[in-house]
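S.K.: Input data_11.pdb, format and content: PDB, C-alpha atoms and all ligand atoms.
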```pdb
ATOM      1  CA  MET A   1      47.382 114.011  29.355  1.00  0.00           C
ATOM      2  CA  SER A   2      49.767 112.009  31.456  1.00  0.00           C
ATOM      3  CA  LEU A   3      52.164 112.661  34.281  1.00  0.00           C
ATOM      4  CA  SER A   4      55.758 111.537  34.046  1.00  0.00           C
ATOM      5  CA  VAL A   5      58.439 112.073  36.665  1.00  0.00           C
ATOM      6  CA  SER A   6      62.097 111.175  36.472  1.00  0.00           C
ATOM      7  CA  GLY A   7      65.021 111.487  38.846  1.00  0.00           C
ATOM      8  CA  LEU A   8      63.220 113.884  41.180  1.00  0.00           C
ATOM      9  CA  CYS A   9      65.374 114.959  44.143  1.00  0.00           C
ATOM     10  CA  ARG A  10      64.571 117.324  47.010  1.00  0.00           C
ATOM     11  CA  THR A  11      66.665 118.056  50.086  1.00  0.00           C
ATOM     12  CA  PHE A  12      65.397 120.248  52.916  1.00  0.00           C
ATOM     13  CA  SER A  13      67.685 122.250  55.197  1.00  0.00           C
ATOM     14  CA  HIS A  14      67.207 121.868  58.908  1.00  0.00           C
ATOM     15  CA  SER A  15      69.141 123.311  61.831  1.00  0.00           C
ATOM     16  CA  SER A  16      70.571 119.815  62.330  1.00  0.00           C
ATOM     17  CA  GLY A  17      71.733 119.668  58.694  1.00  0.00           C
ATOM     18  CA  PRO A  18      70.295 118.790  55.278  1.00  0.00           C
ATOM     19  CA  VAL A  19      67.674 116.030  54.987  1.00  0.00           C
ATOM     20  CA  GLU A  20      67.463 114.258  51.654  1.00  0.00           C
ATOM     21  CA  VAL A  21      63.745 113.448  51.391  1.00  0.00           C
ATOM     22  CA  LEU A  22      63.380 112.562  47.692  1.00  0.00           C
ATOM     23  CA  ARG A  23      66.418 110.821  46.195  1.00  0.00           C
ATOM     24  CA  GLY A  24      65.522 110.084  42.585  1.00  0.00           C
ATOM     25  CA  VAL A  25      61.798 109.484  42.212  1.00  0.00           C
ATOM     26  CA  ASP A  26      60.657 107.964  38.912  1.00  0.00           C
ATOM     27  CA  LEU A  27      56.979 107.362  38.202  1.00  0.00           C
ATOM     28  CA  SER A  28      54.346 107.829  35.550  1.00  0.00           C
ATOM     29  CA  VAL A  29      50.573 107.967  35.557  1.00  0.00           C
ATOM     30  CA  ALA A  30      48.698 107.554  32.280  1.00  0.00           C
ATOM     31  CA  SER A  31      45.536 109.304  31.282  1.00  0.00           C
ATOM     32  CA  GLY A  32      42.583 107.369  32.722  1.00  0.00           C
ATOM     33  CA  GLU A  33      44.662 105.776  35.455  1.00  0.00           C
ATOM     34  CA  LEU A  34      44.209 106.140  39.226  1.00  0.00           C
ATOM     35  CA  VAL A  35      47.457 105.454  41.057  1.00  0.00           C
ATOM     36  CA  THR A  36      47.784 105.554  44.832  1.00  0.00           C
ATOM     37  CA  LEU A  37      50.981 106.408  46.648  1.00  0.00           C
ATOM     38  CA  SER A  38      51.683 104.736  49.969  1.00  0.00           C
ATOM     39  CA  GLY A  39      54.647 105.020  52.282  1.00  0.00           C
ATOM     40  CA  PRO A  40      55.425 105.551  55.943  1.00  0.00           C
ATOM     41  CA  SER A  41      54.621 108.851  57.601  1.00  0.00           C
ATOM     42  CA  GLY A  42      57.452 111.234  56.779  1.00  0.00           C
ATOM     43  CA  SER A  43      58.557 109.323  53.672  1.00  0.00           C
ATOM     44  CA  GLY A  44      57.969 112.357  51.440  1.00  0.00           C
ATOM     45  CA  LYS A  45      54.542 111.810  49.877  1.00  0.00           C
ATOM     46  CA  SER A  46      53.399 115.371  50.539  1.00  0.00           C
ATOM     47  CA  ALA A  47      56.770 116.773  49.474  1.00  0.00           C
ATOM     48  CA  LEU A  48      56.401 114.881  46.180  1.00  0.00           C
ATOM     49  CA  ILE A  49      52.825 116.074  45.556  1.00  0.00           C
ATOM     50  CA  THR A  50      53.956 119.647  46.256  1.00  0.00           C
ATOM     51  CA  LEU A  51      56.652 119.337  43.573  1.00  0.00           C
ATOM     52  CA  LEU A  52      54.284 117.749  41.059  1.00  0.00           C
ATOM     53  CA  CYS A  53      51.823 120.631  41.219  1.00  0.00           C
ATOM     54  CA  GLY A  54      54.584 123.226  40.857  1.00  0.00           C
ATOM     55  CA  PHE A  55      54.183 124.701  44.354  1.00  0.00           C
ATOM     56  CA  ASP A  56      57.815 123.755  45.088  1.00  0.00           C
ATOM     57  CA  GLN A  57      60.840 123.223  42.832  1.00  0.00           C
ATOM     58  CA  PRO A  58      63.002 120.076  42.802  1.00  0.00           C
ATOM     59  CA  ASP A  59      66.764 120.277  43.245  1.00  0.00           C
ATOM     60  CA  SER A  60      67.059 118.058  40.178  1.00  0.00           C
ATOM     61  CA  GLY A  61      64.910 115.843  37.988  1.00  0.00           C
ATOM     62  CA  THR A  62      61.984 116.574  35.721  1.00  0.00           C
ATOM     63  CA  VAL A  63      58.198 116.600  35.844  1.00  0.00           C
ATOM     64  CA  LEU A  64      56.482 116.261  32.473  1.00  0.00           C
ATOM     65  CA  LEU A  65      52.805 117.005  31.902  1.00  0.00           C
ATOM     66  CA  ASP A  66      51.939 115.313  28.636  1.00  0.00           C
ATOM     67  CA  GLY A  67      55.569 115.613  27.582  1.00  0.00           C
ATOM     68  CA  SER A  68      56.009 119.285  28.504  1.00  0.00           C
ATOM     69  CA  PRO A  69      58.299 120.208  31.403  1.00  0.00           C
ATOM     70  CA  LEU A  70      56.626 121.730  34.433  1.00  0.00           C
ATOM     71  CA  THR A  71      58.269 125.048  35.287  1.00  0.00           C
ATOM     72  CA  GLY A  72      55.775 126.491  37.789  1.00  0.00           C
ATOM     73  CA  PRO A  73      52.162 126.060  38.892  1.00  0.00           C
ATOM     74  CA  PRO A  74      50.217 125.004  35.763  1.00  0.00           C
ATOM     75  CA  ALA A  75      46.666 126.080  34.873  1.00  0.00           C
ATOM     76  CA  TRP A  76      44.096 124.413  37.154  1.00  0.00           C
ATOM     77  CA  SER A  77      42.363 122.801  34.176  1.00  0.00           C
ATOM     78  CA  ARG A  78      45.691 121.149  33.317  1.00  0.00           C
ATOM     79  CA  CYS A  79      46.690 120.052  36.795  1.00  0.00           C
ATOM     80  CA  ALA A  80      44.483 120.413  39.874  1.00  0.00           C
ATOM     81  CA  VAL A  81      45.499 119.588  43.416  1.00  0.00           C
ATOM     82  CA  LEU A  82      43.804 118.771  46.683  1.00  0.00           C
ATOM     83  CA  PRO A  83      46.580 119.622  49.149  1.00  0.00           C
ATOM     84  CA  GLN A  84      46.688 118.325  52.717  1.00  0.00           C
ATOM     85  CA  SER A  85      46.298 121.928  53.912  1.00  0.00           C
ATOM     86  CA  LEU A  86      43.230 122.297  51.597  1.00  0.00           C
ATOM     87  CA  GLY A  87      43.910 125.990  50.823  1.00  0.00           C
ATOM     88  CA  LEU A  88      40.287 127.099  50.569  1.00  0.00           C
ATOM     89  CA  ALA A  89      39.746 130.853  50.226  1.00  0.00           C
ATOM     90  CA  GLY A  90      38.316 131.980  53.554  1.00  0.00           C
ATOM     91  CA  GLU A  91      36.373 134.874  52.062  1.00  0.00           C
ATOM     92  CA  LEU A  92      34.463 132.593  49.655  1.00  0.00           C
ATOM     93  CA  THR A  93      31.652 130.177  50.545  1.00  0.00           C
ATOM     94  CA  LEU A  94      32.118 126.446  49.961  1.00  0.00           C
ATOM     95  CA  ALA A  95      30.119 126.690  46.706  1.00  0.00           C
ATOM     96  CA  GLU A  96      32.136 129.713  45.548  1.00  0.00           C
ATOM     97  CA  ASN A  97      35.387 127.912  46.343  1.00  0.00           C
ATOM     98  CA  ALA A  98      34.269 124.873  44.358  1.00  0.00           C
ATOM     99  CA  ALA A  99      33.180 127.066  41.438  1.00  0.00           C
ATOM    100  CA  LEU A 100      36.430 129.043  41.309  1.00  0.00           C
ATOM    101  CA  PRO A 101      38.220 126.928  38.647  1.00  0.00           C
ATOM    102  CA  LEU A 102      35.213 127.290  36.341  1.00  0.00           C
ATOM    103  CA  ARG A 103      35.049 131.060  36.801  1.00  0.00           C
ATOM    104  CA  LEU A 104      38.800 131.484  36.357  1.00  0.00           C
ATOM    105  CA  SER A 105      38.723 129.532  33.098  1.00  0.00           C
ATOM    106  CA  GLY A 106      35.764 131.421  31.617  1.00  0.00           C
ATOM    107  CA  ARG A 107      33.290 128.580  32.177  1.00  0.00           C
ATOM    108  CA  ALA A 108      30.867 130.320  34.565  1.00  0.00           C
ATOM    109  CA  ASP A 109      27.979 128.857  32.528  1.00  0.00           C
ATOM    110  CA  GLU A 110      28.878 125.450  34.020  1.00  0.00           C
ATOM    111  CA  VAL A 111      28.533 126.436  37.697  1.00  0.00           C
ATOM    112  CA  HIS A 112      25.420 124.239  37.955  1.00  0.00           C
ATOM    113  CA  LEU A 113      27.911 121.357  38.147  1.00  0.00           C
ATOM    114  CA  VAL A 114      28.908 122.590  41.602  1.00  0.00           C
ATOM    115  CA  LYS A 115      25.480 121.856  43.086  1.00  0.00           C
ATOM    116  CA  GLU A 116      25.516 118.266  41.724  1.00  0.00           C
ATOM    117  CA  LEU A 117      28.963 117.651  43.124  1.00  0.00           C
ATOM    118  CA  LEU A 118      28.173 119.109  46.544  1.00  0.00           C
ATOM    119  CA  VAL A 119      25.033 116.926  46.705  1.00  0.00           C
ATOM    120  CA  GLU A 120      27.102 113.865  45.811  1.00  0.00           C
ATOM    121  CA  LEU A 121      29.660 114.725  48.502  1.00  0.00           C
ATOM    122  CA  GLY A 122      26.939 115.389  51.091  1.00  0.00           C
ATOM    123  CA  ILE A 123      27.740 119.062  51.723  1.00  0.00           C
ATOM    124  CA  ASP A 124      25.089 120.826  49.590  1.00  0.00           C
ATOM    125  CA  GLU A 125      23.309 122.130  52.689  1.00  0.00           C
ATOM    126  CA  LEU A 126      26.532 123.893  53.659  1.00  0.00           C
ATOM    127  CA  ALA A 127      27.072 125.462  50.233  1.00  0.00           C
ATOM    128  CA  ASP A 128      26.604 129.037  51.481  1.00  0.00           C
ATOM    129  CA  ARG A 129      28.779 128.696  54.564  1.00  0.00           C
ATOM    130  CA  TYR A 130      32.350 129.932  54.781  1.00  0.00           C
ATOM    131  CA  PRO A 131      35.203 127.470  55.443  1.00  0.00           C
ATOM    132  CA  ALA A 132      35.604 128.685  59.052  1.00  0.00           C
ATOM    133  CA  GLU A 133      31.948 127.767  59.677  1.00  0.00           C
ATOM    134  CA  VAL A 134      32.238 124.058  58.794  1.00  0.00           C
ATOM    135  CA  SER A 135      34.276 121.081  59.997  1.00  0.00           C
ATOM    136  CA  PHE A 136      37.647 120.152  58.516  1.00  0.00           C
ATOM    137  CA  GLY A 137      36.124 117.070  56.844  1.00  0.00           C
ATOM    138  CA  GLN A 138      33.455 119.259  55.244  1.00  0.00           C
ATOM    139  CA  GLN A 139      36.149 121.678  54.071  1.00  0.00           C
ATOM    140  CA  GLN A 140      38.052 118.712  52.659  1.00  0.00           C
ATOM    141  CA  ARG A 141      35.059 117.689  50.561  1.00  0.00           C
ATOM    142  CA  ALA A 142      34.688 121.265  49.258  1.00  0.00           C
ATOM    143  CA  ALA A 143      38.383 121.250  48.320  1.00  0.00           C
ATOM    144  CA  LEU A 144      37.831 117.941  46.514  1.00  0.00           C
ATOM    145  CA  ALA A 145      34.924 119.465  44.594  1.00  0.00           C
ATOM    146  CA  ARG A 146      37.154 122.405  43.619  1.00  0.00           C
ATOM    147  CA  ALA A 147      39.887 120.001  42.463  1.00  0.00           C
ATOM    148  CA  VAL A 148      37.667 117.995  40.104  1.00  0.00           C
ATOM    149  CA  ILE A 149      35.096 120.570  38.971  1.00  0.00           C
ATOM    150  CA  ALA A 150      36.849 121.712  35.796  1.00  0.00           C
ATOM    151  CA  GLY A 151      37.834 118.195  34.667  1.00  0.00           C
ATOM    152  CA  PRO A 152      41.607 118.546  35.074  1.00  0.00           C
ATOM    153  CA  SER A 153      43.932 116.470  32.922  1.00  0.00           C
ATOM    154  CA  VAL A 154      46.090 115.642  35.934  1.00  0.00           C
ATOM    155  CA  LEU A 155      44.630 115.395  39.439  1.00  0.00           C
ATOM    156  CA  LEU A 156      46.805 115.211  42.555  1.00  0.00           C
ATOM    157  CA  ALA A 157      45.291 114.543  45.969  1.00  0.00           C
ATOM    158  CA  ASP A 158      47.095 114.398  49.305  1.00  0.00           C
ATOM    159  CA  GLU A 159      45.261 112.266  51.887  1.00  0.00           C
ATOM    160  CA  PRO A 160      41.838 113.174  50.418  1.00  0.00           C
ATOM    161  CA  THR A 161      39.904 111.052  52.926  1.00  0.00           C
ATOM    162  CA  ALA A 162      42.026 111.808  55.984  1.00  0.00           C
ATOM    163  CA  HIS A 163      39.228 113.681  57.763  1.00  0.00           C
ATOM    164  CA  LEU A 164      36.242 111.749  56.412  1.00  0.00           C
ATOM    165  CA  ASP A 165      34.222 109.082  58.190  1.00  0.00           C
ATOM    166  CA  GLN A 166      32.949 105.774  56.784  1.00  0.00           C
ATOM    167  CA  ARG A 167      29.770 107.450  55.590  1.00  0.00           C
ATOM    168  CA  SER A 168      31.399 110.279  53.611  1.00  0.00           C
ATOM    169  CA  ALA A 169      34.624 108.630  52.393  1.00  0.00           C
ATOM    170  CA  PRO A 170      33.023 106.348  49.727  1.00  0.00           C
ATOM    171  CA  ALA A 171      31.521 109.332  47.873  1.00  0.00           C
ATOM    172  CA  ALA A 172      34.907 111.060  47.842  1.00  0.00           C
ATOM    173  CA  VAL A 173      36.577 107.912  46.500  1.00  0.00           C
ATOM    174  CA  ALA A 174      33.860 107.601  43.823  1.00  0.00           C
ATOM    175  CA  VAL A 175      34.457 111.198  42.699  1.00  0.00           C
ATOM    176  CA  LEU A 176      38.202 110.563  42.401  1.00  0.00           C
ATOM    177  CA  ARG A 177      37.650 107.302  40.506  1.00  0.00           C
ATOM    178  CA  ARG A 178      35.251 109.009  38.102  1.00  0.00           C
ATOM    179  CA  ALA A 179      37.846 111.709  37.361  1.00  0.00           C
ATOM    180  CA  ALA A 180      40.192 108.941  36.183  1.00  0.00           C
ATOM    181  CA  ASP A 181      37.438 107.167  34.259  1.00  0.00           C
ATOM    182  CA  ARG A 182      36.821 110.449  32.418  1.00  0.00           C
ATOM    183  CA  GLY A 183      40.464 110.548  31.354  1.00  0.00           C
ATOM    184  CA  ALA A 184      42.428 112.293  34.073  1.00  0.00           C
ATOM    185  CA  ALA A 185      45.777 110.967  35.281  1.00  0.00           C
ATOM    186  CA  VAL A 186      45.101 110.719  39.032  1.00  0.00           C
ATOM    187  CA  LEU A 187      47.761 110.348  41.738  1.00  0.00           C
ATOM    188  CA  ILE A 188      46.638 110.071  45.370  1.00  0.00           C
ATOM    189  CA  ALA A 189      48.830 109.937  48.475  1.00  0.00           C
ATOM    190  CA  THR A 190      46.916 107.952  51.073  1.00  0.00           C
ATOM    191  CA  HIS A 191      47.115 105.661  54.091  1.00  0.00           C
ATOM    192  CA  HIS A 192      43.552 104.394  53.578  1.00  0.00           C
ATOM    193  CA  ASP A 193      42.803 100.913  52.229  1.00  0.00           C
ATOM    194  CA  ASP A 194      39.473 101.976  50.702  1.00  0.00           C
ATOM    195  CA  VAL A 195      41.314 104.459  48.463  1.00  0.00           C
ATOM    196  CA  HIS A 196      43.934 101.867  47.490  1.00  0.00           C
ATOM    197  CA  ALA A 197      41.077  99.478  46.641  1.00  0.00           C
ATOM    198  CA  ALA A 198      39.819 101.925  43.986  1.00  0.00           C
ATOM    199  CA  ALA A 199      43.257 102.227  42.367  1.00  0.00           C
ATOM    200  CA  ASP A 200      44.592 100.657  39.200  1.00  0.00           C
ATOM    201  CA  ARG A 201      48.048 100.488  40.809  1.00  0.00           C
ATOM    202  CA  THR A 202      49.744 101.376  44.058  1.00  0.00           C
ATOM    203  CA  LEU A 203      53.272 102.772  44.339  1.00  0.00           C
ATOM    204  CA  THR A 204      55.274 102.838  47.562  1.00  0.00           C
ATOM    205  CA  LEU A 205      57.663 105.619  48.486  1.00  0.00           C
ATOM    206  CA  ARG A 206      60.504 104.333  50.615  1.00  0.00           C
ATOM    207  CA  ASP A 207      63.961 105.753  51.345  1.00  0.00           C
ATOM    208  CA  GLY A 208      63.339 108.607  48.948  1.00  0.00           C
ATOM    209  CA  ARG A 209      62.496 106.444  45.938  1.00  0.00           C
ATOM    210  CA  ILE A 210      59.646 104.399  44.510  1.00  0.00           C
ATOM    211  CA  ALA A 211      60.176 100.894  45.871  1.00  0.00           C
ATOM    212  CA  HIS A 212      60.207  98.008  43.410  1.00  0.00           C
TER     213      HIS A 212
HETATM  214  N1  LIG A 301      59.214 122.572  53.579  1.00  0.00           N
HETATM  215  C1  LIG A 301      59.895 121.716  54.313  1.00  0.00           C
HETATM  216  N2  LIG A 301      61.000 122.106  54.986  1.00  0.00           N
HETATM  217  C2  LIG A 301      61.715 121.226  55.710  1.00  0.00           C
HETATM  218  N3  LIG A 301      61.430 119.928  55.808  1.00  0.00           N
HETATM  219  C3  LIG A 301      60.356 119.482  55.164  1.00  0.00           C
HETATM  220  C4  LIG A 301      59.523 120.333  54.382  1.00  0.00           C
HETATM  221  N4  LIG A 301      58.526 119.600  53.847  1.00  0.00           N
HETATM  222  C5  LIG A 301      58.714 118.341  54.289  1.00  0.00           C
HETATM  223  N5  LIG A 301      59.806 118.272  55.071  1.00  0.00           N
HETATM  224  C6  LIG A 301      60.351 117.051  55.668  1.00  0.00           C
HETATM  225  O1  LIG A 301      60.325 116.048  54.665  1.00  0.00           O
HETATM  226  C7  LIG A 301      59.960 114.787  55.195  1.00  0.00           C
HETATM  227  C8  LIG A 301      58.767 114.238  54.445  1.00  0.00           C
HETATM  228  O2  LIG A 301      57.598 114.977  54.805  1.00  0.00           O
HETATM  229  P1  LIG A 301      56.203 114.719  54.068  1.00  0.00           P
HETATM  230  O3  LIG A 301      55.234 115.647  54.699  1.00  0.00           O
HETATM  231  O4  LIG A 301      56.389 114.816  52.610  1.00  0.00           O
HETATM  232  O5  LIG A 301      55.911 113.198  54.480  1.00  0.00           O
HETATM  233  P2  LIG A 301      54.610 112.318  54.191  1.00  0.00           P
HETATM  234  O6  LIG A 301      55.076 111.035  53.605  1.00  0.00           O
HETATM  235  O7  LIG A 301      53.614 113.106  53.409  1.00  0.00           O
HETATM  236  O8  LIG A 301      54.068 112.076  55.668  1.00  0.00           O
HETATM  237  P3  LIG A 301      52.572 111.832  56.225  1.00  0.00           P
HETATM  238  O9  LIG A 301      52.157 110.456  55.752  1.00  0.00           O
HETATM  239  O10 LIG A 301      52.763 111.905  57.699  1.00  0.00           O
HETATM  240  O11 LIG A 301      51.696 112.943  55.693  1.00  0.00           O
HETATM  241  C9  LIG A 301      59.714 115.002  56.677  1.00  0.00           C
HETATM  242  O12 LIG A 301      60.879 114.609  57.360  1.00  0.00           O
HETATM  243  C10 LIG A 301      59.499 116.498  56.794  1.00  0.00           C
HETATM  244  O13 LIG A 301      59.912 116.950  58.048  1.00  0.00           O
END
```
Would it be possible to restate this file's structure as structure tokens?
M.R.:
Amino acid sequence: MSLSVSGLCRTFSHSSGPVEVLRGVDLSVASGELVTLSGPSGSGKSALITLLCGFDQPDSGTVLLDGSPLTGPPAWSRCAVLPQSLGLAGELTLAENAALPLRLSGRADEVHLVKELLVELGIDELADRYPAEVSFGQQQRAALARAVIAGPSVLLADEPTAHLDQRSAPAAVAVLRRAADRGAAVLIATHHDDVHAAADRTLTLRDGRIAH
């Protein structure tokens, strides 16, 4: 599975008038590739990720998942996302949140994978706590576990190490890298050099387009 984007445009309306944030974004990420997306704050990285996972619709342009046009949020096993807002379910524990993609896709027999992943990310002792009972960085690692647990074909992550310290960030980067090594097309918006260092390529978003 690969991700291919062409001519993606998105303008937001503000009281001061329309703001053209994405002005013809073209990019592709192949299966097995980890690509990082850099760009100044406010350049549209999050807006782009939100379009790529089908949470928002572009004004024009196309998103292809393995050649098929994206028309709305795809199945989690096809395209998983770690959004900046995390979006954990507050009524589920961290372990239940991480296990959700497996349960929703009829793979409850694989929930043992959750424990391994939470150990690797250093949050296994918090497995039975609810999101409101842990720090934002701990929630972020649970959201990362949920994003990778079902082995998605396309993995999108928005600032996945933004709230992690130097002790916990390397494990998160290793989990993202392994997802690519297992065949996912991985696109990560980040400001962090340690994430860029794990990438096969880095793209820069500037003035609404991928800079060349
Ligand atoms: N839903 C929205 N409605 C209106 N404006 C929006 C919306 N989403 C994003 N924007 C605007 O689009 C621009 C890009 O925002 P975005 O969050 O994508 O930037 P970013 O590159 O991810 O920034 P950062 O690195 O700070 O996270 C900003 O000017 C923002 O105000």
S.K.: Going by the chain IDs and residue numbers used in this file, which residues fall under the PyMOL selection byres (((chain A and resi 210) around 10) and not hetatm)? Write them as an MDAnalysis selection string.
M.R.: chainID A and resid 22:27 37:39 203:209 211:212
S.K.: With only C-alpha atoms as the counted atoms, please give the residues lying no more than 10 Å from segment 185-193 of chain A, apart from itself and same-chain residues fewer than 2 positions off, as a PyMOL selection string.
M.R.: chain A and resi 1-3+28-41+44-46+48-49+52+65+79-84+152-162+169+176-177+179-183+195-199+201-205
S.K.: Please provide the set of residues having any atom within 12 Å of Leu92 of chain A, restricted to only C-alpha atoms, with same-chain residues fewer than 4 positions apart removed, written as a list in words.
M.R.: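 So, after excluding close chain neighbours, the residues are Gly87, Leu88, Glu96, Asn97, Ala98, Ala99, Leu100, Ala127, Asp128, Arg129, Tyr130, Pro131, Ala132, Glu133, Gln139 and Ala142 of chain A.
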S.K.: Take every atom of segment 80-86 of chain A listed in the file, pad by 6 Å on each side, and give me the axis-aligned box centre and edge lengths in Å, one decimal, as JSON.
M.R.:
```
{"center_x": 45.0, "center_y": 120.3, "center_z": 46.9, "size_x": 15.5, "size_y": 16.0, "size_z": 26.0}
```
S.K.: For atom P3 of ligand LIG 301 (chain A) and atom CA of Val21 of chain A, determine how far apart the two atoms are, in Å to one decimal place.
M.R.: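 These two atoms are separated by 12.3 Å.
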S.K.: In Å, rounded to a single decimal, give me how far atom CA of Val173 of chain A is from atom CA of Ser105 of chain A.
M.R.: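 Distance reported for this atom pair: 25.5 Å.
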